[in-house]
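S.K.: The file below is target_20.txt, compact mmCIF, C-alpha atoms:
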```txt
# COMPACT_ATOMS: atom_id res chain seq x y z
CA MET Q 1 0.00 0.00 0.00
CA CYS Q 2 1.43 3.33 -1.07
CA LYS Q 3 1.96 5.88 1.70
CA TYR Q 4 0.14 8.52 -0.36
CA SER Q 5 -3.01 6.44 -0.77
CA GLU Q 6 -4.55 7.90 2.41
CA ARG Q 7 -4.23 11.43 1.05
CA LEU Q 8 -5.44 10.93 -2.49
CA ILE Q 9 -9.07 11.85 -1.84
CA ALA Q 10 -8.19 14.88 0.28
CA TRP Q 11 -5.85 15.96 -2.50
CA MET Q 12 -8.56 15.37 -5.09
CA ASP Q 13 -10.88 17.57 -2.99
CA GLY Q 14 -8.26 20.32 -2.74
CA GLU Q 15 -8.11 19.97 1.02
CA LEU Q 16 -4.36 19.56 1.45
CA ALA Q 17 -1.93 22.32 2.30
CA GLU Q 18 -0.03 23.66 -0.66
CA ASN Q 19 3.31 21.95 -0.02
CA GLU Q 20 1.68 18.61 0.77
CA ALA Q 21 -0.56 18.86 -2.29
CA ALA Q 22 2.52 19.41 -4.46
CA LYS Q 23 4.12 16.24 -3.10
CA VAL Q 24 1.02 14.14 -3.75
CA GLU Q 25 0.64 15.56 -7.22
CA GLN Q 26 4.23 14.69 -8.04
CA HIS Q 27 3.73 11.18 -6.71
CA VAL Q 28 0.51 10.57 -8.61
CA ARG Q 29 2.23 11.44 -11.87
CA ALA Q 30 4.84 8.77 -11.21
CA CYS Q 31 2.78 6.03 -9.47
CA ALA Q 32 0.51 4.07 -11.79
CA ALA Q 33 -1.32 2.34 -8.92
CA CYS Q 34 -2.18 5.67 -7.26
CA GLY Q 35 -3.23 7.09 -10.61
CA GLU Q 36 -5.59 4.17 -11.05
CA CYS Q 37 -7.00 4.57 -7.55
CA LEU Q 38 -7.48 8.26 -8.16
CA SER Q 39 -9.49 7.59 -11.32
CA SER Q 40 -11.62 5.15 -9.39
CA TYR Q 41 -12.26 7.69 -6.59
CA GLU Q 42 -13.13 10.42 -9.08
CA ALA Q 43 -15.59 8.10 -10.81
CA ALA Q 44 -17.16 7.13 -7.47
CA SER Q 45 -17.49 10.83 -6.58
CA ARG Q 46 -19.17 11.61 -9.88
CA GLU Q 47 -21.53 8.67 -9.57
CA PHE Q 48 -22.44 9.60 -6.03
CA ALA Q 49 -23.14 13.20 -7.11
CA ALA Q 50 -25.43 11.94 -9.89
CA TYR Q 51 -27.14 9.53 -7.54
CA TYR Q 52 -27.58 12.17 -4.84
CA SER Q 53 -29.02 14.66 -7.31
CA ALA Q 54 -31.51 12.17 -8.77
CA ALA Q 55 -32.48 10.66 -5.44
CA THR Q 56 -33.16 14.00 -3.75
CA GLN Q 57 -35.00 15.60 -6.66
CA ALA Q 58 -37.23 12.86 -7.95
CA ARG Q 59 -37.99 10.96 -4.78
CA PRO Q 60 -41.75 10.91 -4.23
CA THR Q 61 -42.84 12.82 -1.18
CA PRO Q 62 -43.69 10.39 1.58
CA ARG Q 63 -47.10 10.74 3.12
CA ILE Q 64 -46.94 12.78 6.30
CA ASP Q 65 -49.28 11.57 8.98
CA LYS Q 66 -49.76 14.40 11.40
CA PHE Q 67 -52.39 12.29 13.17
CA PRO Q 68 -52.53 8.52 13.47
CA ARG Q 69 -54.49 6.97 10.62
CA TRP Q 70 -57.27 5.79 12.82
CA VAL Q 71 -58.19 9.32 13.94
CA PRO Q 72 -59.94 10.45 10.73
CA ILE Q 73 -61.51 7.00 10.31
CA ALA Q 74 -62.83 6.96 13.85
CA ALA Q 75 -64.08 10.53 13.50
CA SER Q 76 -65.94 9.65 10.28
CA VAL Q 77 -67.47 6.57 11.83
CA ALA Q 78 -68.55 8.58 14.85
CA ALA Q 79 -70.15 11.24 12.68
CA VAL Q 80 -72.07 8.67 10.61
CA ALA Q 81 -73.13 6.79 13.72
CA LEU Q 82 -74.43 9.95 15.30
CA MET Q 83 -76.42 10.89 12.22
CA LEU Q 84 -77.96 7.44 11.97
CA ALA Q 85 -78.74 7.33 15.66
CA ILE Q 86 -80.39 10.71 15.67
CA ALA Q 87 -82.35 9.91 12.52
CA PHE Q 88 -83.81 6.59 13.70
CA VAL Q 89 -84.36 6.88 17.41
CA PRO Q 90 -87.98 7.44 18.53
CA ARG Q 91 -88.66 10.52 20.57
CA SER Q 92 -91.97 9.60 22.14
CA PRO Q 93 -92.50 11.37 25.46
CA LYS Q 94 -94.34 8.22 26.69
CA ARG Q 95 -91.02 6.44 26.97
CA SER Q 96 -89.67 8.81 29.56
CA PRO Q 97 -90.68 6.82 32.68
CA MET Q 98 -89.30 3.61 31.21
CA VAL Q 99 -86.07 5.32 30.32
CA GLN Q 100 -85.71 6.59 33.86
CA GLN Q 101 -86.33 3.08 35.16
CA GLU Q 102 -83.73 1.68 32.77
CA ALA Q 103 -81.27 4.30 33.88
CA ALA Q 104 -81.72 3.11 37.43
CA ILE Q 105 -81.32 -0.49 36.38
CA SER Q 106 -78.17 0.27 34.45
CA SER Q 107 -76.60 2.12 37.30
CA PRO Q 108 -73.16 0.72 38.18
CA VAL Q 109 -74.20 0.24 41.82
CA SER Q 110 -77.42 -1.53 41.02
CA THR Q 111 -77.55 -5.26 41.71
CA SER Q 112 -81.23 -5.67 41.10
CA PRO Q 113 -82.19 -9.05 39.59
CA VAL Q 114 -84.50 -7.17 37.28
CA ARG Q 115 -81.44 -6.11 35.40
CA LYS Q 116 -80.49 -9.66 34.55
CA THR Q 117 -83.92 -10.83 33.49
CA ALA Q 118 -85.41 -7.75 31.92
CA ALA Q 119 -86.18 -8.13 28.27
CA PRO Q 120 -84.27 -5.74 26.06
CA THR Q 121 -86.23 -2.62 25.32
CA TRP Q 122 -84.67 -2.36 21.91
CA GLN Q 123 -87.21 -2.49 19.14
CA PRO Q 124 -86.36 -2.78 15.46
CA ILE Q 125 -87.98 0.54 14.71
CA ALA Q 126 -85.38 1.43 12.20
CA GLU Q 127 -85.91 -1.80 10.24
CA ASP Q 128 -89.14 -0.59 8.71
CA HIS Q 129 -87.61 2.65 7.55
CA ARG Q 130 -84.30 1.35 6.41
CA PRO Q 131 -83.23 3.26 3.28
CA PRO Q 132 -82.15 1.15 0.32
CA TYR Q 133 -78.54 2.39 0.36
CA ARG Q 134 -77.96 0.98 3.81
CA GLN Q 135 -79.15 -2.44 2.67
CA GLN Q 136 -76.79 -2.25 -0.28
CA LYS Q 137 -73.85 -1.33 1.87
CA GLY Q 138 -74.59 -4.07 4.39
CA ILE Q 139 -75.21 -1.70 7.26
CA THR Q 140 -77.03 -3.51 10.04
CA VAL Q 141 -78.74 -2.31 13.15
CA GLY Q 142 -79.17 -4.61 16.09
CA PRO Q 143 -79.34 -4.82 19.85
CA ALA Q 144 -76.19 -4.04 21.67
CA ARG Q 145 -74.35 -6.28 24.06
CA ARG Q 146 -75.19 -5.22 27.58
CA PRO Q 147 -72.23 -3.63 29.32
CA THR Q 148 -70.60 -5.61 32.08
CA LYS Q 149 -70.38 -4.33 35.63
CA LEU Q 150 -66.75 -3.49 35.07
CA GLU Q 151 -67.55 -1.51 31.95
CA ASN Q 152 -70.29 0.29 33.76
CA ALA Q 153 -67.94 1.12 36.59
CA LYS Q 154 -65.38 2.48 34.19
CA ALA Q 155 -67.85 4.52 32.21
CA ASP Q 156 -68.08 8.15 33.21
CA TRP Q 157 -71.61 8.36 31.95
CA VAL Q 158 -74.72 6.37 32.78
CA MET Q 159 -76.64 4.77 29.98
CA ALA Q 160 -80.28 5.78 29.96
CA GLU Q 161 -81.31 2.79 27.88
CA PRO Q 162 -79.62 -0.12 26.13
CA ALA Q 163 -77.22 1.17 23.54
CA ILE Q 164 -77.92 0.84 19.87
CA GLN Q 165 -75.14 -0.93 18.03
CA ILE Q 166 -74.51 -0.01 14.43
CA ALA Q 167 -72.11 -2.12 12.41
CA ILE Q 168 -70.81 -0.25 9.40
CA PRO Q 169 -68.42 -1.94 6.93
CA ALA Q 170 -65.48 0.36 6.33
CA ASP Q 171 -65.81 -0.01 2.56
CA ALA Q 172 -69.27 1.54 2.79
CA MET Q 173 -67.75 4.83 3.82
CA PHE Q 174 -64.25 4.95 2.42
CA PRO Q 175 -62.82 4.62 -1.08
CA PRO Q 176 -61.37 1.22 -2.03
CA GLY Q 177 -57.99 0.61 -0.46
CA ALA Q 178 -58.32 3.29 2.22
CA VAL Q 179 -58.74 0.65 4.92
CA PRO Q 180 -57.89 -3.06 4.92
CA ALA Q 181 -60.60 -5.36 3.58
CA GLY Q 182 -63.17 -6.57 6.06
CA VAL Q 183 -62.53 -3.91 8.68
CA THR Q 184 -65.70 -2.85 10.44
CA TYR Q 185 -66.18 -0.42 13.28
CA ILE Q 186 -68.99 -0.79 15.75
CA ALA Q 187 -70.31 2.40 17.21
CA SER Q 188 -72.23 1.93 20.45
CA VAL Q 189 -74.41 4.96 20.98
CA SER Q 190 -76.41 5.57 24.11
CA LEU Q 191 -79.29 7.98 23.79
CA ALA Q 192 -81.48 9.85 26.22
CA ALA Q 193 -85.26 9.96 25.90
CA ASP Q 194 -85.18 13.21 24.00
CA GLY Q 195 -82.80 11.79 21.43
CA THR Q 196 -79.64 13.46 22.67
CA VAL Q 197 -76.52 11.34 22.71
CA LEU Q 198 -75.24 10.41 26.13
CA GLY Q 199 -72.28 8.37 25.06
CA LEU Q 200 -70.46 6.88 22.13
CA ARG Q 201 -68.01 4.00 22.02
CA LEU Q 202 -66.14 2.82 18.92
CA GLN Q 203 -64.83 -0.70 18.60
CA PRO Q 204 -63.00 -2.10 15.55
CA MET T 205 -14.33 19.82 -4.09
CA ASN T 206 -16.04 22.42 -6.14
CA GLY T 207 -16.84 25.77 -4.58
CA ASP T 208 -14.90 27.89 -2.19
CA SER T 209 -15.62 28.82 1.35
CA PHE T 210 -18.84 30.73 1.42
CA SER T 211 -18.83 33.71 3.69
CA LEU T 212 -21.46 36.39 3.54
CA LYS T 213 -20.65 39.71 5.06
CA LEU T 214 -24.05 40.98 5.98
CA PRO T 215 -24.14 43.87 8.38
CA LEU T 216 -27.18 43.52 10.59
CA SER T 217 -28.67 46.79 9.42
CA ARG T 218 -28.45 45.68 5.82
CA PHE T 219 -29.85 42.23 6.47
CA ALA T 220 -32.68 43.56 8.53
CA THR T 221 -33.67 46.34 6.19
CA ASP T 222 -32.55 45.29 2.75
CA SER T 223 -35.10 42.72 1.73
CA CYS T 224 -33.36 42.28 -1.62
CA GLU T 225 -30.20 41.03 0.11
CA ALA T 226 -32.16 38.64 2.29
CA THR T 227 -34.06 37.36 -0.72
CA THR T 228 -30.81 36.73 -2.59
CA LEU T 229 -29.43 34.77 0.33
CA TYR T 230 -32.61 32.75 0.59
CA GLN T 231 -32.72 32.04 -3.15
CA GLU T 232 -29.07 31.04 -3.22
CA LEU T 233 -29.15 28.61 -0.34
CA ARG T 234 -32.71 27.36 -0.33
CA LYS T 235 -32.25 24.65 -2.96
CA PRO T 236 -29.02 23.17 -1.57
CA LEU T 237 -30.57 23.11 1.90
CA LEU T 238 -33.72 21.41 0.61
CA ARG T 239 -31.62 18.87 -1.29
CA TYR T 240 -29.61 18.07 1.80
CA LEU T 241 -32.78 17.68 3.87
CA ALA T 242 -34.23 15.37 1.23
CA GLY T 243 -30.99 13.40 1.43
CA LEU T 244 -31.50 13.09 5.17
CA GLY T 245 -34.90 11.58 4.46
CA LEU T 246 -37.25 14.51 5.06
CA SER T 247 -40.28 15.00 2.86
CA SER T 248 -40.63 18.04 0.67
CA ASP T 249 -43.09 19.68 3.09
CA GLU T 250 -40.90 18.97 6.09
CA GLY T 251 -37.90 20.35 4.22
CA GLN T 252 -39.72 23.58 3.40
CA ASP T 253 -40.72 23.99 7.05
CA VAL T 254 -37.19 23.37 8.27
CA VAL T 255 -35.64 25.80 5.79
CA GLN T 256 -38.10 28.54 6.73
CA GLU T 257 -37.42 27.96 10.40
CA ALA T 258 -33.69 28.07 9.74
CA PHE T 259 -33.94 31.46 8.06
CA LEU T 260 -36.00 32.78 10.96
CA ILE T 261 -33.31 31.57 13.32
CA LEU T 262 -30.71 33.23 11.10
CA HIS T 263 -32.58 36.51 11.36
CA LYS T 264 -32.68 36.27 15.15
CA HIS T 265 -29.04 35.22 15.22
CA LEU T 266 -28.00 38.30 13.29
CA ALA T 267 -30.34 40.54 15.26
CA ARG T 268 -28.59 39.39 18.44
CA GLY T 269 -25.27 40.39 16.89
CA GLY T 270 -24.20 36.84 16.04
CA SER T 271 -21.34 36.08 13.68
CA GLU T 272 -21.90 36.83 10.02
CA GLN T 273 -19.06 34.59 8.88
CA ASN T 274 -19.65 31.27 7.13
CA ILE T 275 -23.36 31.75 6.84
CA ARG T 276 -23.62 28.76 4.53
CA SER T 277 -22.18 26.22 6.94
CA TRP T 278 -24.06 27.95 9.78
CA LEU T 279 -27.36 27.40 7.92
CA PHE T 280 -26.49 23.82 7.05
CA ARG T 281 -25.74 23.19 10.71
CA VAL T 282 -29.09 24.70 11.76
CA VAL T 283 -31.11 22.67 9.26
CA HIS T 284 -29.11 19.56 10.15
CA ASN T 285 -30.08 19.98 13.79
CA LEU T 286 -33.68 20.94 13.04
CA ALA T 287 -34.00 17.90 10.79
CA ARG T 288 -33.38 15.67 13.79
CA ASN T 289 -36.84 16.60 15.07
CA HIS T 290 -38.47 15.33 11.89
CA GLN T 291 -36.13 12.59 10.86
CA GLN T 292 -36.94 8.96 11.03
CA SER T 293 -34.33 6.44 10.18
CA TYR T 294 -32.77 6.76 6.76
CA SER T 295 -33.78 3.27 5.75
CA GLN T 296 -37.40 3.95 6.69
CA ARG T 297 -37.78 7.21 4.86
CA MET T 298 -35.50 6.40 1.96
CA GLY T 299 -36.76 2.86 1.75
CA GLN T 300 -38.88 3.44 -1.32
CA PRO T 301 -37.58 2.11 -4.60
CA LEU T 302 -35.54 4.59 -6.59
CA ASP T 303 -36.91 3.44 -9.92
CA ALA T 304 -38.91 6.65 -10.36
CA ALA T 305 -35.80 8.73 -9.79
CA PHE T 306 -33.84 6.55 -12.14
CA GLU T 307 -36.47 6.66 -14.89
CA LYS T 308 -36.48 10.44 -14.73
CA ALA T 309 -32.70 10.57 -14.89
CA SER T 310 -32.44 8.24 -17.86
CA SER T 311 -35.52 9.00 -19.92
CA GLU T 312 -33.56 9.81 -23.08
CA ALA T 313 -31.21 6.81 -23.09
CA THR T 314 -31.42 3.74 -25.33
CA PRO T 315 -32.75 0.51 -23.77
CA GLU T 316 -29.23 -0.95 -23.46
CA GLN T 317 -27.90 2.20 -21.85
CA THR T 318 -30.92 2.31 -19.60
CA ALA T 319 -30.32 -1.24 -18.40
CA LEU T 320 -26.65 -0.52 -17.68
CA GLU T 321 -27.42 2.75 -15.95
CA ARG T 322 -30.17 1.14 -13.92
CA GLU T 323 -27.75 -1.50 -12.68
CA LYS T 324 -25.16 1.13 -11.84
CA PHE T 325 -27.76 3.21 -10.05
CA ARG T 326 -28.92 0.25 -7.98
CA ARG T 327 -25.39 -0.66 -7.03
CA MET T 328 -24.77 2.90 -5.88
CA ASP T 329 -28.03 2.95 -3.95
CA LYS T 330 -27.10 -0.24 -2.15
CA ALA T 331 -23.59 1.03 -1.42
CA VAL T 332 -24.87 4.36 -0.07
CA ARG T 333 -27.31 2.62 2.23
CA ALA T 334 -24.49 0.50 3.59
CA LEU T 335 -22.48 3.58 4.63
CA ALA T 336 -22.40 4.79 8.20
CA VAL T 337 -24.67 7.76 8.91
CA GLN T 338 -21.83 10.24 9.30
CA GLU T 339 -20.10 8.97 6.18
CA ARG T 340 -23.29 9.52 4.23
CA GLU T 341 -23.84 12.96 5.70
CA CYS T 342 -20.27 13.95 4.88
CA LEU T 343 -20.69 12.86 1.27
CA MET T 344 -23.97 14.74 0.89
CA LEU T 345 -22.51 17.95 2.32
CA ARG T 346 -19.43 17.48 0.15
CA ALA T 347 -21.68 17.10 -2.90
CA GLU T 348 -23.28 20.42 -1.91
CA GLY T 349 -19.87 22.02 -2.22
CA LEU T 350 -18.95 22.39 1.45
CA ARG T 351 -15.31 22.20 2.42
CA TYR T 352 -14.13 19.71 5.03
CA ARG T 353 -13.89 22.48 7.63
CA GLU T 354 -17.49 23.52 6.92
CA ILE T 355 -18.70 19.93 7.04
CA GLY T 356 -17.01 19.63 10.40
CA GLU T 357 -18.86 22.73 11.59
CA VAL T 358 -22.19 21.34 10.39
CA LEU T 359 -21.73 17.94 11.99
CA GLY T 360 -19.82 19.17 15.03
CA ILE T 361 -16.75 17.03 14.37
CA PRO T 362 -13.08 17.90 13.71
CA THR T 363 -11.91 18.53 10.15
CA SER T 364 -9.50 15.61 10.36
CA THR T 365 -12.42 13.31 11.19
CA VAL T 366 -14.30 14.61 8.18
CA ALA T 367 -11.29 13.82 6.00
CA ASP T 368 -11.20 10.29 7.38
CA LEU T 369 -14.95 9.80 6.91
CA VAL T 370 -14.90 11.09 3.33
CA ASP T 371 -11.84 9.00 2.51
CA ARG T 372 -13.43 5.86 3.91
CA ALA T 373 -16.82 6.51 2.27
CA ILE T 374 -15.42 7.18 -1.21
CA LYS T 375 -13.25 4.08 -1.02
CA LYS T 376 -16.24 1.97 -0.03
CA LEU T 377 -18.31 3.32 -2.89
CA ALA T 378 -15.47 2.81 -5.36
CA GLU T 379 -15.01 -0.75 -4.18
CA LYS T 380 -18.70 -1.71 -4.15
CA CYS T 381 -19.55 -0.02 -7.40
CA ASN T 382 -16.46 -1.37 -9.17
CA VAL T 383 -15.55 1.99 -10.60
```
Could you write out this structure as structure tokens?

M.R.:
Amino acid sequence: MCKYSERLIAWMDGELAENEAAKVEQHVRACAACGECLSSYEAASREFAAYYSAATQARPTPRIDKFPRWVPIAASVAAVALMLAIAFVPRSPKRSPMVQQEAAISSPVSTSPVRKTAAPTWQPIAEDHRPPYRQQKGITVGPARRPTKLENAKADWVMAEPAIQIAIPADAMFPPGAVPAGVTYIASVSLAADGTVLGLRLQP
Amino acid sequence: MNGDSFSLKLPLSRFATDSCEATTLYQELRKPLLRYLAGLGLSSDEGQDVVQEAFLILHKHLARGGSEQNIRSWLFRVVHNLARNHQQSYSQRMGQPLDAAFEKASSEATPEQTALEREKFRRMDKAVRALAVQERECLMLRAEGLRYREIGEVLGIPTSTVADLVDRAIKKLAEKCNV
């Protein structure tokens, strides 16, 4: 290995002091091996410059996710669920006493046996008025799973009546490829007697 | 190396009041800074944000009476440090295939030339990815025309270390790309 080989690239870059650069230059003229190395380093420099230029100019801009991907999806699902819930929930004032009773039954501290045996008050009201597009998209409406005691204890709101569960296939709301195939979010919405939303829970 | 040491003598009063001077500085250095940020793996939007922030910092720096010497390496150092807040790993952000870049670079070549160039490009891509981070950063700054001393200022390492890193990196590329 030639003693000048460690200084060839610095010399090529014009980074050596004048007297040292003169020595290397003189050596390169005489040493065929160093001349060959130098050509190789110059070629590598040129190729890197071309690569760097192309890679930094034409590289497609990566998608920047300022929020996690599930945030807009969850927000859209929540919005649709709210609209559906508000549109199809009955607002009869006659239900008020029952709703109050249900609220008491659903209370986290309640251990009444009525809670375990009471028939669900959900009625398929929305079935009769289901618009055709929901049938096409496979949107279903059904009774919700009753929350467990633990879930009730964790909840910071009290359900006034059994929640309505709306299963919406993701491909009914988003363009193809936006979400993986078969992904469905379930929005559990709990409503008060006057139709206002007391709580909303999303589950994939 | 191409390009000499870049030192802008900008008296504060001129920089603060002469918008033409500031615009010239911005126009002159914006593209190299954006290129370097892209090389670090930042997106175009992130790069624009970082460059704007860097020029704001420059303004404050000069307003505080900071040094007006070596503005170029000073700005590269600022964007280098700001980029750390945005940067994911090189392999993650630069992990996309470079075919698009290659196609653009070789759109006018014959099919045979294209095939050869594509192979060369891929070899270089692989070799660059195999470099150590500092080696890669040194080469990118060198390609932007910075001297070893300036590269050292940007990366916060001695000039002799820069010389070693550049030497090692170029030799690796030459060896792996068979040039």

S.K.: Using all atoms listed in the file, which residue out of T:Asp249, T:Glu316, T:Glu232, T:Glu354 lies closest to chain Q?

M.R.: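 Once distances to chain Q are computed over all atoms listed in the file, the minimum belongs to T:Asp249.
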
S.K.: Residues of chain Q were defined as contacting chain T if any atom lay at most 10 Å from it, counting only C-alpha atoms; please report them as a PDB file with C-alpha atoms, in the coordinates of the input.

M.R.:
```pdb
ATOM      1  CA  SER Q   5      -3.010   6.440  -0.770  1.00  0.00           C
ATOM      2  CA  GLU Q   6      -4.550   7.900   2.410  1.00  0.00           C
ATOM      3  CA  ARG Q   7      -4.230  11.430   1.050  1.00  0.00           C
ATOM      4  CA  LEU Q   8      -5.440  10.930  -2.490  1.00  0.00           C
ATOM      5  CA  ILE Q   9      -9.070  11.850  -1.840  1.00  0.00           C
ATOM      6  CA  ALA Q  10      -8.190  14.880   0.280  1.00  0.00           C
ATOM      7  CA  TRP Q  11      -5.850  15.960  -2.500  1.00  0.00           C
ATOM      8  CA  MET Q  12      -8.560  15.370  -5.090  1.00  0.00           C
ATOM      9  CA  ASP Q  13     -10.880  17.570  -2.990  1.00  0.00           C
ATOM     10  CA  GLY Q  14      -8.260  20.320  -2.740  1.00  0.00           C
ATOM     11  CA  GLU Q  15      -8.110  19.970   1.020  1.00  0.00           C
ATOM     12  CA  CYS Q  37      -7.000   4.570  -7.550  1.00  0.00           C
ATOM     13  CA  SER Q  39      -9.490   7.590 -11.320  1.00  0.00           C
ATOM     14  CA  SER Q  40     -11.620   5.150  -9.390  1.00  0.00           C
ATOM     15  CA  TYR Q  41     -12.260   7.690  -6.590  1.00  0.00           C
ATOM     16  CA  GLU Q  42     -13.130  10.420  -9.080  1.00  0.00           C
ATOM     17  CA  ALA Q  43     -15.590   8.100 -10.810  1.00  0.00           C
ATOM     18  CA  ALA Q  44     -17.160   7.130  -7.470  1.00  0.00           C
ATOM     19  CA  SER Q  45     -17.490  10.830  -6.580  1.00  0.00           C
ATOM     20  CA  ARG Q  46     -19.170  11.610  -9.880  1.00  0.00           C
ATOM     21  CA  GLU Q  47     -21.530   8.670  -9.570  1.00  0.00           C
ATOM     22  CA  PHE Q  48     -22.440   9.600  -6.030  1.00  0.00           C
ATOM     23  CA  ALA Q  49     -23.140  13.200  -7.110  1.00  0.00           C
ATOM     24  CA  ALA Q  50     -25.430  11.940  -9.890  1.00  0.00           C
ATOM     25  CA  TYR Q  51     -27.140   9.530  -7.540  1.00  0.00           C
ATOM     26  CA  TYR Q  52     -27.580  12.170  -4.840  1.00  0.00           C
ATOM     27  CA  SER Q  53     -29.020  14.660  -7.310  1.00  0.00           C
ATOM     28  CA  ALA Q  54     -31.510  12.170  -8.770  1.00  0.00           C
ATOM     29  CA  ALA Q  55     -32.480  10.660  -5.440  1.00  0.00           C
ATOM     30  CA  THR Q  56     -33.160  14.000  -3.750  1.00  0.00           C
ATOM     31  CA  GLN Q  57     -35.000  15.600  -6.660  1.00  0.00           C
ATOM     32  CA  ALA Q  58     -37.230  12.860  -7.950  1.00  0.00           C
ATOM     33  CA  ARG Q  59     -37.990  10.960  -4.780  1.00  0.00           C
ATOM     34  CA  PRO Q  60     -41.750  10.910  -4.230  1.00  0.00           C
ATOM     35  CA  THR Q  61     -42.840  12.820  -1.180  1.00  0.00           C
ATOM     36  CA  PRO Q  62     -43.690  10.390   1.580  1.00  0.00           C
ATOM     37  CA  ARG Q  63     -47.100  10.740   3.120  1.00  0.00           C
ATOM     38  CA  ILE Q  64     -46.940  12.780   6.300  1.00  0.00           C
TER      39      ILE Q  64
END
```

S.K.: Mind giving me the straight-line distance from atom CA of Gly199 of chain Q to atom CA of Ser76 of chain Q in Å, one decimal?

M.R.: 16.1 Å

S.K.: Give me, please, the distance in Å between atom CA of Thr227 of chain T and atom CA of Val255 of chain T, quoted to one decimal.

M.R.: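 If I compute the distance from atom CA of Thr227 of chain T to atom CA of Val255 of chain T, I get 13.4 Å.
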
S.K.: With distances taken over all atoms listed in the file, which of T:Leu369, T:Ser364, T:Ala258, T:His284 is nearest to Ala336 of chain T?

M.R.: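 Smallest separation from Ala336 of chain T among the options: T:Leu369.
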
S.K.: State, in Å with one decimal place, the distance from atom CA of Val282 of chain T to atom CA of Val358 of chain T.

M.R.: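 Those two atoms sit 7.8 Å apart.
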
S.K.: For Val28 of chain Q, which of Q:Val197, Q:Cys2, Q:Leu16, Q:Val80 is the closest residue, counting all atoms listed in the file?

M.R.: Q:Cys2
